[in-house]
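> Structure incoming, see below.
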Amino acid sequence: MELWDLYDENRQKTGKVVERGEKCPAGLCHLVVHVCIFNRAGEMLIQQRAASKKSWPNAWDITLGGCAVKGESSVQAIQRELYEELGIRHDFSNERAFFTINFENGFDDYYLIEKDVDLEDIKFVDNEVQNIKWASKDEILQKIKNKEFICYYPSFINALFEMRAKRGVHAL
């Protein structure tokens, strides 16, 4: 049984929890974390979701995402998820999410990191992922168009690639 902390609209923990699979009570949210890993060539590490996944089976996705469990901070959750899904260890202790997207029942924290990962070293630890590869922005956009990738807005994918090495909203 996986429990998620519940937050109010101001991202303050309420002391309440919800079990994975249950709907969040009205006005309460849970925390989701994502990481996009880019290599020095400017490609994103993408994953193909396992055929057994309930949502978007066999679809390609950004590097990874998952829910924070009870008691975890965003940083703790992303470190755990990265190791659980791909067997990759990365120290996020000095990292903050690049940005947060609010959705109806939660907060999506996105981390963007540069890390040259050897695909041969990746281990599919929890059977949520069936394949991985490095992909350019154009390859990802084509996969979205072909309905092989989760249906992100193309503008969102463009933004991830544009922001990958920059913080803030001002060009310097």
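For the structure tokens, the naming scheme is as follows: chains receive sequential letters (A, B, ...) according to their order of presentation, residues are indexed from 1 within each chain, and ligands are indexed from 1 in presentation order.
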Could you give me, as CSV, a per-residue list for region 88-138 of chain A showing, wherever an atom lies at most 12 Å from an atom of region 2-24 of chain A, the closest pair of atoms and their distance in Å to one decimal, using only C-alpha atoms and sorting by chain then residue number from low to high?


```
residue,atom,partner,partner_atom,distance
A:Thr100,CA,A:Arg11,CA,11.1
A:Asn102,CA,A:Glu9,CA,9.4
A:Phe103,CA,A:Glu9,CA,10.5
A:Glu104,CA,A:Cys24,CA,9.6
A:Asn105,CA,A:Cys24,CA,6.4
A:Gly106,CA,A:Tyr7,CA,8.1
A:Phe107,CA,A:Arg11,CA,8.1
A:Asp108,CA,A:Arg11,CA,11.4
A:Asp109,CA,A:Arg11,CA,11.8
```

> Write the residues of the selection above to a file with C-alpha atoms, as a PDB file, in the first residue's frame.


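Contents of the output file result-v1.pdb:
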```
ATOM      1  CA  THR A 100       6.290  23.307 -11.105  1.00  0.00           C
ATOM      2  CA  ASN A 102      -0.100  22.772 -11.159  1.00  0.00           C
ATOM      3  CA  PHE A 103      -2.802  20.315 -12.165  1.00  0.00           C
ATOM      4  CA  GLU A 104      -6.243  19.656 -10.729  1.00  0.00           C
ATOM      5  CA  ASN A 105      -5.124  17.300  -7.951  1.00  0.00           C
ATOM      6  CA  GLY A 106      -1.485  18.143  -7.538  1.00  0.00           C
ATOM      7  CA  PHE A 107       1.845  19.691  -8.231  1.00  0.00           C
ATOM      8  CA  ASP A 108       4.263  18.411 -10.904  1.00  0.00           C
ATOM      9  CA  ASP A 109       7.873  19.288 -10.039  1.00  0.00           C
TER      10      ASP A 109
END
```

> With only C-alpha atoms as the counted atoms, please give the residues lying no more than 7 Å from region 36-47 of chain A, apart from itself and same-chain residues fewer than 3 positions off, as a list in words.

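The residues satisfying every condition are Trp60, Asp61, Ile62, Thr63, Leu64, Tyr111, Leu112, Ile113, Glu114, Lys115, Asp116, Val129, Asn131, Ile132, Lys133, Trp134, Ala135 and Ser136 of chain A.
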
> Give the answer as one residue: which of A:Asn58, A:Gln130, A:Ser52, A:Ser93 has the shortest atom-to-atom distance to Glu148 (chain A), using only C-alpha atoms?

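When distances to Glu148 (chain A) are compared using only C-alpha atoms, the smallest one comes from A:Asn58.
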
> Quick one: residues within 10 Å of Asp126 (chain A), only C-alpha atoms, excluding same-chain residues fewer than 3 positions away - as a PyMOL selection string?

chain A and resi 81+83-87+123+129

> If we count only C-alpha atoms and set the cut-off at 12 Å, which residues sit around Gln142 (chain A), ignoring sequence neighbours fewer than 4 positions away in its own chain? Please answer as number ranges by chain.

A: 60, 135-138, 146-152, 154, 157

> Just to be explicit: take each residue in the selection above, keep N, CA and C atoms, and write the result as a compact mmCIF listing (two decimals), in the first residue's frame.


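Below you can see result15.txt, which holds the result:
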```txt
# COMPACT_ATOMS: atom_id res chain seq x y z
N TRP A 60 6.19 6.07 -25.40
CA TRP A 60 7.44 6.71 -25.00
C TRP A 60 7.10 7.91 -24.11
N ALA A 135 17.15 10.81 -27.46
CA ALA A 135 16.36 11.33 -28.58
C ALA A 135 16.49 12.84 -28.68
N SER A 136 16.51 13.32 -29.90
CA SER A 136 16.52 14.76 -30.14
C SER A 136 15.11 15.30 -29.96
N LYS A 137 15.02 16.62 -29.88
CA LYS A 137 13.71 17.27 -29.78
C LYS A 137 12.86 16.89 -30.99
N ASP A 138 13.45 16.91 -32.18
CA ASP A 138 12.68 16.59 -33.39
C ASP A 138 12.17 15.15 -33.38
N ASN A 146 3.13 10.95 -34.24
CA ASN A 146 2.78 9.57 -34.63
C ASN A 146 2.03 8.81 -33.54
N LYS A 147 1.73 9.51 -32.42
CA LYS A 147 1.02 8.90 -31.28
C LYS A 147 1.80 7.74 -30.65
N GLU A 148 3.13 7.84 -30.69
CA GLU A 148 4.01 6.85 -30.06
C GLU A 148 4.53 7.36 -28.71
N PHE A 149 4.29 8.62 -28.42
CA PHE A 149 4.79 9.30 -27.22
C PHE A 149 3.57 9.79 -26.45
N ILE A 150 3.69 9.89 -25.15
CA ILE A 150 2.60 10.47 -24.36
C ILE A 150 2.25 11.83 -24.98
N CYS A 151 1.00 12.17 -24.95
CA CYS A 151 0.49 13.33 -25.69
C CYS A 151 0.79 14.68 -25.03
N TYR A 152 2.08 14.98 -24.85
CA TYR A 152 2.47 16.30 -24.36
C TYR A 152 2.22 17.32 -25.46
N PRO A 154 3.44 19.95 -27.94
CA PRO A 154 4.75 20.19 -28.54
C PRO A 154 5.46 21.40 -27.94
N ILE A 157 7.45 20.33 -24.89
CA ILE A 157 8.72 19.65 -25.24
C ILE A 157 9.74 20.69 -25.68
```

> Using only C-alpha atoms for the distances, tell me which of A:Ala59, A:Ala159, A:Val69, A:Ile101 is nearest to Met1 (chain A).

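Closest residue, counting only C-alpha atoms: A:Val69.
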
> Please give the complete set of residues from region 2-130 of chain A that DSSP, run on the backbone, assigns to strand (DSSP E), formatted as an MDAnalysis selection string.

chainID A and resid 3:7 13:19 30:38 44:49 60:61 64:67 99:103 106:114 129:130

> Deliver the residues from the most recent selection as a file, using N, CA and C atoms, as a short mmCIF file (atom, residue, chain, number, x, y, z; two decimals), in the first residue's frame.


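part_38.cif was written with the following content:
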```
data_model
loop_
_atom_site.label_atom_id
_atom_site.label_comp_id
_atom_site.auth_asym_id
_atom_site.auth_seq_id
_atom_site.Cartn_x
_atom_site.Cartn_y
_atom_site.Cartn_z
N LEU A 3 1.11 5.30 0.27
CA LEU A 3 0.38 6.48 0.75
C LEU A 3 1.06 7.75 0.25
N TRP A 4 0.23 8.74 -0.09
CA TRP A 4 0.73 10.04 -0.53
C TRP A 4 0.28 11.11 0.46
N ASP A 5 1.20 12.01 0.81
CA ASP A 5 0.82 13.17 1.61
C ASP A 5 -0.11 14.05 0.80
N LEU A 6 -1.05 14.70 1.50
CA LEU A 6 -1.95 15.64 0.85
C LEU A 6 -1.57 17.07 1.25
N TYR A 7 -1.67 17.96 0.28
CA TYR A 7 -1.29 19.36 0.44
C TYR A 7 -2.50 20.24 0.15
N LYS A 13 1.57 20.92 3.65
CA LYS A 13 1.07 19.60 4.05
C LYS A 13 -0.09 19.76 5.02
N THR A 14 -1.10 18.94 4.82
CA THR A 14 -2.29 19.02 5.66
C THR A 14 -2.27 18.03 6.81
N GLY A 15 -1.35 17.06 6.77
CA GLY A 15 -1.35 15.98 7.76
C GLY A 15 -2.24 14.82 7.34
N LYS A 16 -2.93 14.97 6.22
CA LYS A 16 -3.78 13.92 5.69
C LYS A 16 -3.04 13.17 4.59
N VAL A 17 -3.48 11.93 4.33
CA VAL A 17 -2.88 11.11 3.28
C VAL A 17 -3.99 10.49 2.45
N VAL A 18 -3.59 10.03 1.27
CA VAL A 18 -4.50 9.30 0.40
C VAL A 18 -3.73 8.07 -0.10
N GLU A 19 -4.44 6.98 -0.28
CA GLU A 19 -3.81 5.78 -0.81
C GLU A 19 -3.74 5.86 -2.32
N HIS A 30 -1.63 16.21 -4.35
CA HIS A 30 -0.46 15.39 -4.03
C HIS A 30 0.70 15.83 -4.91
N LEU A 31 1.88 15.34 -4.59
CA LEU A 31 3.10 15.78 -5.25
C LEU A 31 3.60 14.72 -6.22
N VAL A 32 3.89 15.16 -7.44
CA VAL A 32 4.45 14.31 -8.49
C VAL A 32 5.78 14.93 -8.90
N VAL A 33 6.76 14.08 -9.21
CA VAL A 33 8.08 14.55 -9.61
C VAL A 33 8.45 13.95 -10.97
N HIS A 34 9.19 14.72 -11.74
CA HIS A 34 9.66 14.29 -13.06
C HIS A 34 11.11 14.73 -13.20
N VAL A 35 11.88 13.97 -13.98
CA VAL A 35 13.22 14.40 -14.33
C VAL A 35 13.41 14.18 -15.82
N CYS A 36 14.05 15.15 -16.43
CA CYS A 36 14.48 15.03 -17.83
C CYS A 36 16.00 15.08 -17.80
N ILE A 37 16.61 14.00 -18.25
CA ILE A 37 18.06 13.94 -18.33
C ILE A 37 18.48 14.25 -19.76
N PHE A 38 19.39 15.21 -19.89
CA PHE A 38 19.94 15.58 -21.19
C PHE A 38 21.42 15.25 -21.22
N MET A 44 17.59 14.15 -25.09
CA MET A 44 16.93 13.76 -23.84
C MET A 44 16.87 12.23 -23.76
N LEU A 45 17.12 11.72 -22.57
CA LEU A 45 16.93 10.29 -22.32
C LEU A 45 15.43 10.05 -22.20
N ILE A 46 14.89 9.22 -23.07
CA ILE A 46 13.46 8.92 -23.01
C ILE A 46 13.26 7.45 -22.71
N GLN A 47 12.12 7.14 -22.15
CA GLN A 47 11.82 5.76 -21.79
C GLN A 47 10.54 5.30 -22.47
N GLN A 48 10.49 4.00 -22.75
CA GLN A 48 9.26 3.41 -23.24
C GLN A 48 8.62 2.69 -22.07
N ARG A 49 7.40 3.07 -21.79
CA ARG A 49 6.67 2.51 -20.66
C ARG A 49 6.36 1.04 -20.90
N TRP A 60 6.19 6.07 -25.40
CA TRP A 60 7.44 6.71 -25.00
C TRP A 60 7.10 7.91 -24.11
N ASP A 61 8.03 8.26 -23.23
CA ASP A 61 7.81 9.33 -22.26
C ASP A 61 9.14 10.01 -21.98
N LEU A 64 11.59 10.24 -16.75
CA LEU A 64 10.75 9.53 -15.77
C LEU A 64 9.93 10.46 -14.93
N GLY A 65 8.96 9.86 -14.27
CA GLY A 65 8.10 10.59 -13.35
C GLY A 65 7.48 9.62 -12.36
N GLY A 66 7.05 10.16 -11.23
CA GLY A 66 6.41 9.33 -10.22
C GLY A 66 5.92 10.19 -9.07
N CYS A 67 5.18 9.58 -8.19
CA CYS A 67 4.58 10.30 -7.06
C CYS A 67 5.46 10.22 -5.82
N PHE A 99 10.93 23.90 -12.43
CA PHE A 99 9.62 24.55 -12.43
C PHE A 99 8.58 23.57 -11.92
N THR A 100 7.42 24.11 -11.58
CA THR A 100 6.29 23.31 -11.10
C THR A 100 5.08 23.64 -11.97
N ILE A 101 4.39 22.60 -12.38
CA ILE A 101 3.13 22.78 -13.10
C ILE A 101 2.02 22.29 -12.19
N ASN A 102 1.05 23.15 -11.98
CA ASN A 102 -0.10 22.77 -11.16
C ASN A 102 -1.12 22.04 -12.02
N PHE A 103 -1.70 20.98 -11.49
CA PHE A 103 -2.80 20.31 -12.17
C PHE A 103 -3.92 20.15 -11.15
N GLY A 106 -2.85 18.20 -8.00
CA GLY A 106 -1.49 18.14 -7.54
C GLY A 106 -0.53 19.15 -8.12
N PHE A 107 0.71 18.88 -7.81
CA PHE A 107 1.85 19.69 -8.23
C PHE A 107 2.83 18.77 -8.94
N ASP A 108 3.25 19.14 -10.15
CA ASP A 108 4.26 18.41 -10.90
C ASP A 108 5.56 19.19 -10.82
N ASP A 109 6.55 18.67 -10.10
CA ASP A 109 7.87 19.29 -10.04
C ASP A 109 8.74 18.68 -11.13
N TYR A 110 9.35 19.53 -11.94
CA TYR A 110 10.22 19.07 -13.03
C TYR A 110 11.67 19.44 -12.74
N TYR A 111 12.53 18.43 -12.79
CA TYR A 111 13.97 18.59 -12.65
C TYR A 111 14.60 18.37 -14.01
N LEU A 112 15.53 19.24 -14.38
CA LEU A 112 16.23 19.11 -15.65
C LEU A 112 17.72 19.02 -15.32
N ILE A 113 18.34 17.92 -15.71
CA ILE A 113 19.76 17.74 -15.40
C ILE A 113 20.52 17.31 -16.65
N GLU A 114 21.81 17.63 -16.66
CA GLU A 114 22.69 17.14 -17.71
C GLU A 114 23.53 16.03 -17.11
N VAL A 129 9.62 0.16 -16.97
CA VAL A 129 10.21 0.64 -18.21
C VAL A 129 10.66 -0.57 -19.03
N GLN A 130 10.40 -0.52 -20.35
CA GLN A 130 10.84 -1.63 -21.19
C GLN A 130 11.97 -1.27 -22.15
#
```

> Pick from A:Val117, A:Leu28, A:Leu160, A:Ile78: nearest to Ile140 (chain A), with only C-alpha atoms counted?

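The answer is A:Leu160, which sits nearest to Ile140 (chain A).
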
> Any idea what the distance is between CA of Lys53 (chain A) and CA of Ile88 (chain A)?

20.9 Å

> One decimal, Å: what's the distance from CA of Val125 (chain A) over to CA of Arg89 (chain A), could you say?

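Separating CA of Val125 (chain A) from CA of Arg89 (chain A) is a distance of 12.3 Å.
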
> Interatomic distance between CA of Ile122 (chain A) and CA of Leu82 (chain A)?

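So the two atoms, CA of Ile122 (chain A) and CA of Leu82 (chain A), lie 10.5 Å apart.
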
> List every residue of region 49-107 of chain A that DSSP, applied to the backbone of this structure, assigns to alpha helix (DSSP H), and report them as JSON, numbers by chain.

{"A": [74, 75, 76, 77, 78, 79, 80, 81, 82, 83, 84, 85, 86]}
